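File shown here: start-v3.csv, holding CSV, C-alpha atoms.
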chain,number,residue,atom,x,y,z
O,20,MET,CA,68.0,-82.6,174.7
O,21,PRO,CA,67.7,-79.5,172.6
O,22,ASP,CA,70.6,-78.5,170.3
O,23,PRO,CA,72.6,-75.9,172.3
O,24,THR,CA,73.7,-74.3,169.0
O,25,VAL,CA,70.1,-73.4,168.1
O,26,PRO,CA,68.7,-70.3,169.9
O,27,PRO,CA,65.3,-70.7,171.6
O,28,THR,CA,62.3,-69.2,170.0
O,29,PRO,CA,62.4,-65.5,170.8
O,30,PRO,CA,59.4,-64.0,172.5
O,31,VAL,CA,57.1,-61.5,170.6
O,32,PRO,CA,56.6,-57.9,171.7
O,33,LEU,CA,53.0,-57.4,172.8
O,34,ASP,CA,52.9,-54.3,170.6
O,35,ALA,CA,53.6,-56.5,167.6
O,36,LEU,CA,50.4,-58.4,168.2
O,37,LEU,CA,48.5,-55.1,168.7
O,38,ALA,CA,49.9,-53.9,165.4
O,39,ARG,CA,48.3,-56.8,163.5
O,40,ALA,CA,45.4,-55.1,161.6
O,41,ASP,CA,43.9,-58.5,160.8
O,42,LEU,CA,43.4,-59.2,164.5
O,43,GLY,CA,41.9,-55.9,165.5
O,44,LEU,CA,43.1,-56.1,169.1
O,45,ARG,CA,42.7,-53.0,171.3
O,46,ARG,CA,44.4,-52.2,174.6
O,47,ILE,CA,41.8,-50.8,176.9
O,48,ALA,CA,43.6,-51.0,180.3
O,49,GLY,CA,47.0,-51.5,181.7
O,50,PRO,CA,50.4,-49.9,180.8
O,51,ALA,CA,51.6,-49.5,177.3
O,52,ASP,CA,55.0,-51.0,177.9
O,53,PRO,CA,57.1,-51.5,174.7
O,54,ALA,CA,59.3,-53.9,176.6
O,55,ALA,CA,56.4,-56.3,177.3
O,56,VAL,CA,56.9,-59.6,175.4
O,57,VAL,CA,54.7,-62.7,175.0
O,58,HIS,CA,56.1,-66.2,175.0
O,59,TRP,CA,52.9,-68.0,174.2
O,60,ALA,CA,49.1,-67.8,174.2
O,61,HIS,CA,46.8,-69.8,176.5
O,62,THR,CA,43.0,-70.1,176.6
O,63,SER,CA,41.4,-70.7,180.0
O,64,GLU,CA,37.9,-70.2,181.4
O,65,MET,CA,39.0,-71.1,185.0
O,66,ALA,CA,38.1,-68.7,187.7
O,67,ASP,CA,41.6,-69.2,189.1
O,68,PRO,CA,44.0,-69.7,186.1
O,69,TYR,CA,47.1,-69.6,188.3
O,70,PRO,CA,47.8,-73.4,188.4
O,71,TYR,CA,47.6,-73.6,184.7
O,72,LEU,CA,50.0,-70.7,183.8
O,73,LEU,CA,53.8,-71.0,183.4
O,74,GLY,CA,54.5,-67.2,183.1
O,75,GLY,CA,54.9,-65.1,180.0
O,76,GLU,CA,51.4,-65.9,178.6
O,77,LEU,CA,48.8,-63.9,176.8
O,78,LEU,CA,45.8,-65.4,178.6
O,79,LEU,CA,42.6,-65.5,176.4
O,80,SER,CA,39.2,-65.7,178.0
O,81,ALA,CA,35.6,-65.1,176.9
O,82,GLY,CA,34.5,-64.6,180.5
O,83,VAL,CA,32.5,-67.9,180.8
O,84,HIS,CA,33.8,-68.2,184.3
O,85,ILE,CA,32.4,-64.9,185.5
O,86,PRO,CA,29.3,-65.6,187.8
O,87,ASP,CA,26.2,-63.5,187.5
O,88,GLY,CA,26.4,-60.4,189.7
O,89,ALA,CA,30.2,-60.7,190.1
O,90,GLY,CA,31.5,-57.6,191.8
O,91,ALA,CA,34.9,-55.8,192.1
O,92,GLY,CA,36.2,-58.4,194.6
O,93,TYR,CA,35.8,-61.2,192.1
O,94,PHE,CA,37.7,-59.4,189.3
O,95,ASP,CA,40.4,-58.1,191.7
O,96,ALA,CA,41.1,-61.7,192.8
O,97,TYR,CA,41.0,-63.0,189.2
O,98,VAL,CA,43.5,-60.4,187.9
O,99,SER,CA,45.8,-60.6,190.9
O,100,ARG,CA,46.2,-64.4,190.3
O,101,ILE,CA,47.1,-63.8,186.6
O,102,VAL,CA,49.7,-61.3,187.7
O,103,ALA,CA,51.0,-63.6,190.4
O,104,ALA,CA,51.4,-66.4,187.8
O,105,GLY,CA,53.5,-64.1,185.6
O,106,GLY,CA,50.8,-63.5,182.9
O,107,VAL,CA,51.8,-60.8,180.5
O,108,ALA,CA,48.4,-59.7,179.4
O,109,LEU,CA,44.7,-60.7,179.3
O,110,GLY,CA,42.8,-60.9,176.1
O,111,PHE,CA,39.0,-60.7,176.6
O,112,GLY,CA,36.8,-61.9,173.9
O,113,VAL,CA,33.6,-59.8,173.2
O,114,ALA,CA,30.8,-62.2,172.3
O,115,PRO,CA,29.3,-64.7,172.6
O,116,VAL,CA,29.1,-64.5,176.4
O,117,HIS,CA,29.6,-60.8,177.0
O,118,ASP,CA,28.6,-57.9,174.7
O,119,THR,CA,31.3,-55.6,176.3
O,120,VAL,CA,34.3,-56.0,178.5
O,121,PRO,CA,33.1,-55.7,182.2
O,122,GLY,CA,33.9,-52.4,183.7
O,123,ALA,CA,35.1,-54.0,186.9
O,124,LEU,CA,37.6,-56.1,184.9
O,125,VAL,CA,39.0,-52.9,183.3
O,126,GLU,CA,39.4,-51.3,186.7
O,127,ALA,CA,41.1,-54.4,188.2
O,128,CYS,CA,43.6,-54.6,185.3
O,129,GLU,CA,44.3,-50.9,185.5
O,130,MET,CA,44.9,-51.3,189.3
O,131,HIS,CA,47.2,-54.3,189.0
O,132,GLY,CA,49.1,-53.0,185.9
O,133,LEU,CA,48.0,-55.9,183.7
O,134,PRO,CA,47.5,-55.0,180.0
O,135,LEU,CA,43.9,-55.8,179.0
O,136,LEU,CA,43.2,-56.4,175.3
O,137,GLU,CA,39.7,-56.4,173.8
O,138,VAL,CA,39.3,-59.2,171.2
O,139,PRO,CA,36.6,-58.3,168.7
O,140,PRO,CA,33.9,-60.8,167.8
O,141,ARG,CA,35.3,-61.4,164.4
O,142,THR,CA,38.7,-62.6,165.8
O,143,THR,CA,38.9,-66.1,167.2
O,144,PHE,CA,41.3,-67.1,169.9
O,145,SER,CA,42.8,-69.6,167.4
O,146,ALA,CA,43.6,-66.7,165.1
O,147,VAL,CA,45.4,-64.8,167.9
O,148,ALA,CA,47.5,-67.9,168.8
O,149,ARG,CA,48.3,-68.5,165.1
O,150,ALA,CA,49.4,-64.9,164.6
O,151,LEU,CA,51.6,-65.2,167.7
O,152,TRP,CA,53.3,-68.3,166.4
O,153,GLN,CA,53.8,-66.6,163.0
O,154,LEU,CA,55.5,-63.7,164.6
O,155,MET,CA,57.7,-66.1,166.7
O,156,ALA,CA,58.7,-68.0,163.5
O,157,GLN,CA,59.7,-64.7,161.9
O,158,ALA,CA,61.7,-63.7,164.9
O,159,ARG,CA,63.4,-67.1,165.1
O,160,THR,CA,64.4,-67.0,161.4
O,161,ALA,CA,65.8,-63.5,161.9
O,162,GLU,CA,67.7,-64.7,165.0
O,163,LEU,CA,69.1,-67.8,163.3
O,164,ARG,CA,70.3,-65.6,160.4
O,165,ARG,CA,72.0,-63.2,162.8
O,166,VAL,CA,73.7,-66.1,164.6
O,167,THR,CA,74.9,-67.7,161.3
O,168,GLU,CA,76.2,-64.4,160.0
O,169,ALA,CA,78.1,-63.8,163.3
O,170,GLN,CA,79.6,-67.3,163.2
O,171,GLN,CA,80.9,-66.7,159.7
O,172,SER,CA,82.3,-63.3,160.6
O,173,LEU,CA,84.1,-64.8,163.6
O,174,ALA,CA,85.5,-67.7,161.5
O,175,THR,CA,86.8,-65.2,158.9
O,176,ALA,CA,88.3,-63.1,161.6
O,177,ALA,CA,90.2,-66.1,163.0
O,178,ALA,CA,91.9,-66.6,159.7
O,179,ARG,CA,93.4,-63.1,159.6
O,180,PRO,CA,97.0,-62.4,160.4
O,181,ASP,CA,96.0,-60.9,163.8
O,182,PRO,CA,93.3,-63.4,164.7
O,183,VAL,CA,92.8,-62.7,168.4
O,184,PRO,CA,92.1,-59.0,168.1
O,185,SER,CA,90.0,-59.6,165.0
O,186,VAL,CA,87.8,-62.2,166.8
O,187,LEU,CA,87.3,-59.9,169.7
O,188,GLN,CA,86.4,-57.0,167.5
O,189,GLN,CA,83.8,-59.1,165.6
O,190,LEU,CA,82.4,-60.5,168.9
O,191,ALA,CA,82.1,-57.0,170.4
O,192,ARG,CA,80.3,-55.7,167.3
O,193,ARG,CA,77.9,-58.6,167.2
O,194,LEU,CA,77.0,-58.4,170.8
O,195,GLY,CA,76.9,-54.6,170.8
O,196,GLY,CA,79.3,-54.3,173.8
O,197,ARG,CA,82.8,-55.1,175.0
O,198,ALA,CA,84.8,-58.3,174.6
O,199,VAL,CA,88.0,-59.0,176.6
O,200,LEU,CA,90.6,-61.7,176.6
O,201,TYR,CA,92.2,-62.3,180.0
O,202,GLY,CA,95.5,-64.1,180.4
O,203,PRO,CA,96.4,-66.8,183.0
O,204,GLU,CA,97.4,-64.1,185.5
O,205,GLY,CA,94.2,-62.2,185.2
O,206,THR,CA,95.5,-59.3,183.1
O,207,GLU,CA,93.7,-58.0,180.1
O,208,ILE,CA,95.6,-59.2,177.0
O,209,ALA,CA,93.3,-57.7,174.4
O,210,GLY,CA,89.9,-56.0,174.2
O,211,ALA,CA,87.5,-54.5,171.7
O,212,GLY,CA,84.3,-52.5,171.8
O,213,ALA,CA,83.1,-49.6,173.8
O,214,ASP,CA,84.5,-49.1,177.3
O,215,PRO,CA,81.7,-50.0,179.7
O,216,GLY,CA,83.3,-47.9,182.5
O,217,GLU,CA,85.6,-48.6,185.4
O,218,GLY,CA,83.1,-50.3,187.7
O,219,THR,CA,81.9,-52.6,185.0
O,220,ARG,CA,85.5,-53.4,183.9
O,221,ALA,CA,86.3,-54.4,187.5
O,222,ALA,CA,83.2,-56.5,187.8
O,223,LEU,CA,84.0,-58.4,184.6
O,224,ALA,CA,87.6,-59.0,185.7
O,225,LYS,CA,86.3,-60.3,189.0
O,226,LEU,CA,83.8,-62.6,187.2
O,227,ALA,CA,86.6,-64.0,185.1
O,228,GLU,CA,88.3,-65.2,188.2
O,229,VAL,CA,85.2,-67.3,189.0
O,230,VAL,CA,85.8,-69.5,185.9
O,231,ARG,CA,89.6,-69.5,185.6
O,232,PRO,CA,90.9,-73.0,186.4
O,233,SER,CA,93.7,-73.3,188.9
O,234,THR,CA,96.9,-74.5,187.3
O,235,ARG,CA,98.2,-75.7,190.6
O,236,ASP,CA,95.3,-77.5,192.0
O,237,SER,CA,93.7,-80.0,189.6
O,238,SER,CA,90.9,-80.8,192.2
O,239,ASP,CA,89.7,-77.2,192.1
O,240,ALA,CA,86.7,-77.6,189.9
O,241,ARG,CA,85.4,-74.3,188.4
O,242,PRO,CA,82.3,-73.6,186.2
O,243,SER,CA,83.1,-73.2,182.5
O,244,SER,CA,81.0,-70.0,182.4
O,245,ALA,CA,79.5,-67.5,184.7
O,246,SER,CA,77.2,-64.5,184.3
O,247,ASP,CA,76.2,-61.4,186.3
O,248,THR,CA,74.4,-58.1,185.7
O,249,VAL,CA,75.9,-54.8,186.8
O,250,GLY,CA,74.2,-51.5,186.2
O,251,GLY,CA,72.0,-53.0,183.5
O,252,VAL,CA,75.0,-54.5,181.7
O,253,ARG,CA,75.0,-58.2,181.2
O,254,LEU,CA,78.4,-59.7,182.1
O,255,VAL,CA,79.5,-63.2,181.0
O,256,ALA,CA,82.8,-65.0,181.4
O,257,HIS,CA,83.9,-68.2,179.5
O,258,ALA,CA,86.9,-70.3,180.5
O,259,LEU,CA,88.7,-71.2,177.3
O,260,GLY,CA,89.2,-74.9,176.8
O,261,ASN,CA,93.0,-74.9,176.3
O,262,GLY,CA,93.7,-75.5,180.0
O,263,GLU,CA,96.1,-72.5,180.1
O,264,GLY,CA,93.9,-70.2,182.2
O,265,PHE,CA,92.7,-67.9,179.5
O,266,VAL,CA,89.2,-66.4,179.9
O,267,LEU,CA,86.9,-64.6,177.5
O,268,GLY,CA,84.7,-61.9,179.1
O,269,THR,CA,81.8,-60.0,177.5
O,270,ALA,CA,79.8,-57.0,178.6
O,271,ALA,CA,76.7,-56.1,176.7
O,272,PRO,CA,73.6,-53.9,177.4
O,273,GLN,CA,71.2,-56.6,176.5
O,274,ARG,CA,71.0,-60.4,176.2
O,275,ASP,CA,69.4,-61.7,173.0
O,276,ALA,CA,68.6,-65.4,172.4
O,277,GLY,CA,71.5,-66.2,170.2
O,278,ASP,CA,74.2,-64.3,172.1
O,279,HIS,CA,75.3,-67.4,174.0
O,280,THR,CA,75.9,-69.3,170.8
O,281,ILE,CA,77.8,-66.5,169.3
O,282,ALA,CA,80.1,-66.1,172.3
O,283,SER,CA,80.6,-69.9,172.5
O,284,VAL,CA,81.9,-69.9,168.9
O,285,ALA,CA,84.3,-67.1,169.8
O,286,ALA,CA,85.4,-69.0,172.9
O,287,VAL,CA,86.2,-72.1,170.8
O,288,LEU,CA,88.2,-70.2,168.3
O,289,LEU,CA,90.1,-68.3,170.9
O,290,SER,CA,90.8,-71.5,172.7
O,291,LEU,CA,92.6,-72.8,169.6
O,292,LEU,CA,94.3,-69.5,168.9
O,293,THR,CA,95.6,-69.0,172.4
O,294,GLY,CA,96.6,-72.6,172.7
O,295,GLU,CA,98.8,-72.3,169.7
O,296,ARG,CA,100.8,-69.6,171.4
O,297,HIS,CA,101.3,-71.2,174.8
O,298,SER,CA,101.5,-74.9,174.4
O,299,GLY,CA,103.2,-77.6,172.3
O,300,SER,CA,102.3,-79.7,169.4
O,301,GLY,CA,98.7,-80.6,170.5
O,302,ALA,CA,97.6,-77.0,170.3
O,303,GLY,CA,99.5,-76.5,167.1
O,304,ARG,CA,97.6,-79.3,165.5
O,305,SER,CA,94.3,-77.9,166.7
O,306,SER,CA,95.2,-74.5,165.3
O,307,ALA,CA,96.2,-76.1,162.0
O,308,LEU,CA,92.9,-77.9,161.9
O,309,VAL,CA,90.8,-74.8,162.5
O,310,ARG,CA,92.9,-72.9,159.8
O,311,LEU,CA,92.2,-75.7,157.4
O,312,LEU,CA,88.5,-75.4,158.2
O,313,LEU,CA,88.8,-71.8,157.4
O,314,GLY,CA,90.1,-72.6,153.9
O,315,ALA,CA,93.9,-72.2,154.4
O,316,ALA,CA,96.2,-74.1,152.1
O,317,PRO,CA,98.0,-77.1,153.6
O,318,ALA,CA,101.4,-75.4,153.0
O,319,GLU,CA,100.3,-72.5,155.2
O,320,VAL,CA,99.6,-74.6,158.2
O,321,ALA,CA,102.4,-77.1,157.8
O,322,PRO,CA,104.8,-75.3,160.2
O,323,LEU,CA,102.2,-75.7,163.0
O,324,LEU,CA,102.3,-79.5,162.7
O,325,GLY,CA,106.0,-79.9,163.3
O,326,GLY,CA,108.5,-81.9,161.3
O,327,ASP,CA,106.3,-85.0,160.7
O,328,ARG,CA,104.6,-85.6,157.5
O,329,TRP,CA,100.8,-85.4,157.7
O,330,ARG,CA,97.9,-86.4,155.4
O,331,VAL,CA,94.9,-84.1,155.1
O,332,VAL,CA,91.6,-85.9,154.4
O,333,HIS,CA,88.5,-83.9,153.3
O,334,GLY,CA,85.2,-85.7,153.4
O,335,ARG,CA,82.1,-84.7,151.4
O,336,PRO,CA,78.9,-86.4,150.2
O,337,ASP,CA,79.1,-88.1,146.8
O,338,GLY,CA,77.8,-86.0,144.0
O,339,ARG,CA,77.7,-82.8,146.0
O,340,ALA,CA,79.8,-79.7,146.0
O,341,ALA,CA,82.3,-79.1,148.8
O,342,PRO,CA,80.9,-77.2,151.7
O,343,ASP,CA,81.7,-73.6,152.2
O,344,PRO,CA,84.8,-73.6,154.4
O,345,VAL,CA,83.6,-70.6,156.4
O,346,ALA,CA,80.2,-72.1,157.1
O,347,ALA,CA,81.8,-75.4,158.0
O,348,SER,CA,84.2,-73.7,160.4
O,349,ALA,CA,81.3,-71.9,162.1
O,350,LEU,CA,79.3,-75.1,162.4
O,351,GLY,CA,82.3,-77.1,163.7
O,352,ALA,CA,83.1,-74.5,166.3
O,353,ALA,CA,79.5,-74.2,167.4
O,354,LEU,CA,79.3,-78.0,167.8
O,355,GLY,CA,82.6,-78.1,169.6
O,356,SER,CA,83.9,-80.8,167.1
O,357,ALA,CA,85.8,-80.9,163.9
O,358,LEU,CA,84.2,-81.2,160.5
O,359,VAL,CA,87.6,-82.0,158.8
O,360,ASP,CA,89.9,-84.7,160.1
O,361,VAL,CA,93.6,-84.4,160.1
O,362,THR,CA,95.5,-87.6,160.8
O,363,GLY,CA,99.1,-88.6,161.0
O,364,GLY,CA,100.7,-90.4,158.1
O,365,GLY,CA,104.1,-91.7,157.1
If you convert what's in this file into structure tokens, what do you get?
Amino acid sequence: MPDPTVPPTPPVPLDALLARADLGLRRIAGPADPAAVVHWAHTSEMADPYPYLLGGELLLSAGVHIPDGAGAGYFDAYVSRIVAAGGVALGFGVAPVHDTVPGALVEACEMHGLPLLEVPPRTTFSAVARALWQLMAQARTAELRRVTEAQQSLATAAARPDPVPSVLQQLARRLGGRAVLYGPEGTEIAGAGADPGEGTRAALAKLAEVVRPSTRDSSDARPSSASDTVGGVRLVAHALGNGEGFVLGTAAPQRDAGDHTIASVAAVLLSLLTGERHSGSGAGRSSALVRLLLGAAPAEVAPLLGGDRWRVVHGRPDGRAAPDPVAASALGAALGSALVDVTGGG
């Protein structure tokens, strides 16, 4: 099973491939849509590529499958099957089979709205695929960096004197939208970020009710998260794990690959912070643990542990420096487990 804390490889804008001067690709038909993205490249010389496509591909072909004397009907059927399979674009290699891109293929791609890229003779299909993976690797690295920075900022916010508003402010800023904490009764306790409007606010509050567990009916199973889209705004609700009925809601204009991880870290931190306020020693101990992970001194968290005496144990590899507490906090929150153990002692 893939690690849920690692965002999937982001797709690459088709325009980014066209901008690669070393490839020399040229769009000769179809719309110039800046929102078009490619998930992978696939080479096929099948007359009907539909069964072999998953969707999101840049399909590469040298036209080996095209029969002599093929007319408009052949190309119309071929392009329509690519579109039906979810293909993003068609890259047609000039040479060694065809000296130019068939005019009927250009017309079919224009009619079906499929971008058609001319691949020059000097550019191999392997070079196109390699360039795509390079761009994906760069995008993935940038996304991982963004997620890591967001985790660290959320962890730092949770250590401030006003942790709940601080975490919400950081989350709203990182998602580029609105973050709201709902109480057990469904009322908005705190919020941060731009106001998405009355209709979106109402839809987000309604979505929060979908995930809020019933405190009176233990058999009432609810999902831990739910999502919806209203007016182009992506809405997500996360039930906090303290069992008290708190819900984190977010509203953002777009959904990037790492946003789920960032929101999940915020939900873990808010679960500990809200649990501290509304339950007994168990939540206090959890809150003490997260504050220790954030680098707080034992004396600062002692009141949260009650009157008993506790021993704090820090583990680290031999011969290595202690891990950065903020990074450790972010990683622990993302994994849903503690990186520092606090155990009772006499």
Rounded to one decimal place, report the CA of Glu129 in chain O-CA of Leu72 in chain O distance in Å. 20.7 Å
Of the residues O:Leu136, O:Ala89, O:Leu44, O:Leu163, which is the one nearest to Thr280 in chain O, using only C-alpha atoms? O:Leu163
Taking (43.2, -58.8, 183.7) in the file's coordinates, which residues come within 7 Å, counting only C-alpha atoms, written as a PyMOL selection string? chain O and resi 98+101+108-109+124+127-128+133-135
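The space between CA of Gln273 in chain O and CA of Thr175 in chain O spans 25.0 Å.
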For CA of Gln170 in chain O and CA of Ala286 in chain O, quote the distance in Å rounded to one decimal. 11.4 Å
Tell me which protein, DNA and RNA residues are within 9 Å of Ala191 in chain O, counting only C-alpha atoms, leaving out same-chain ones fewer than 5 positions away, and put them as a list of chain:residue names. O:Val186, O:Gly196, O:Arg197, O:Ala198, O:Val199, O:Gly210, O:Ala211, O:Gly212, O:Ala213, O:Thr269, O:Ala270, O:Ala271
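The nearest approach to Ala285 in chain O among the residues O:Pro215, O:Gly250, O:Pro184, O:Pro32, with only C-alpha atoms taken into account, belongs to O:Pro184.
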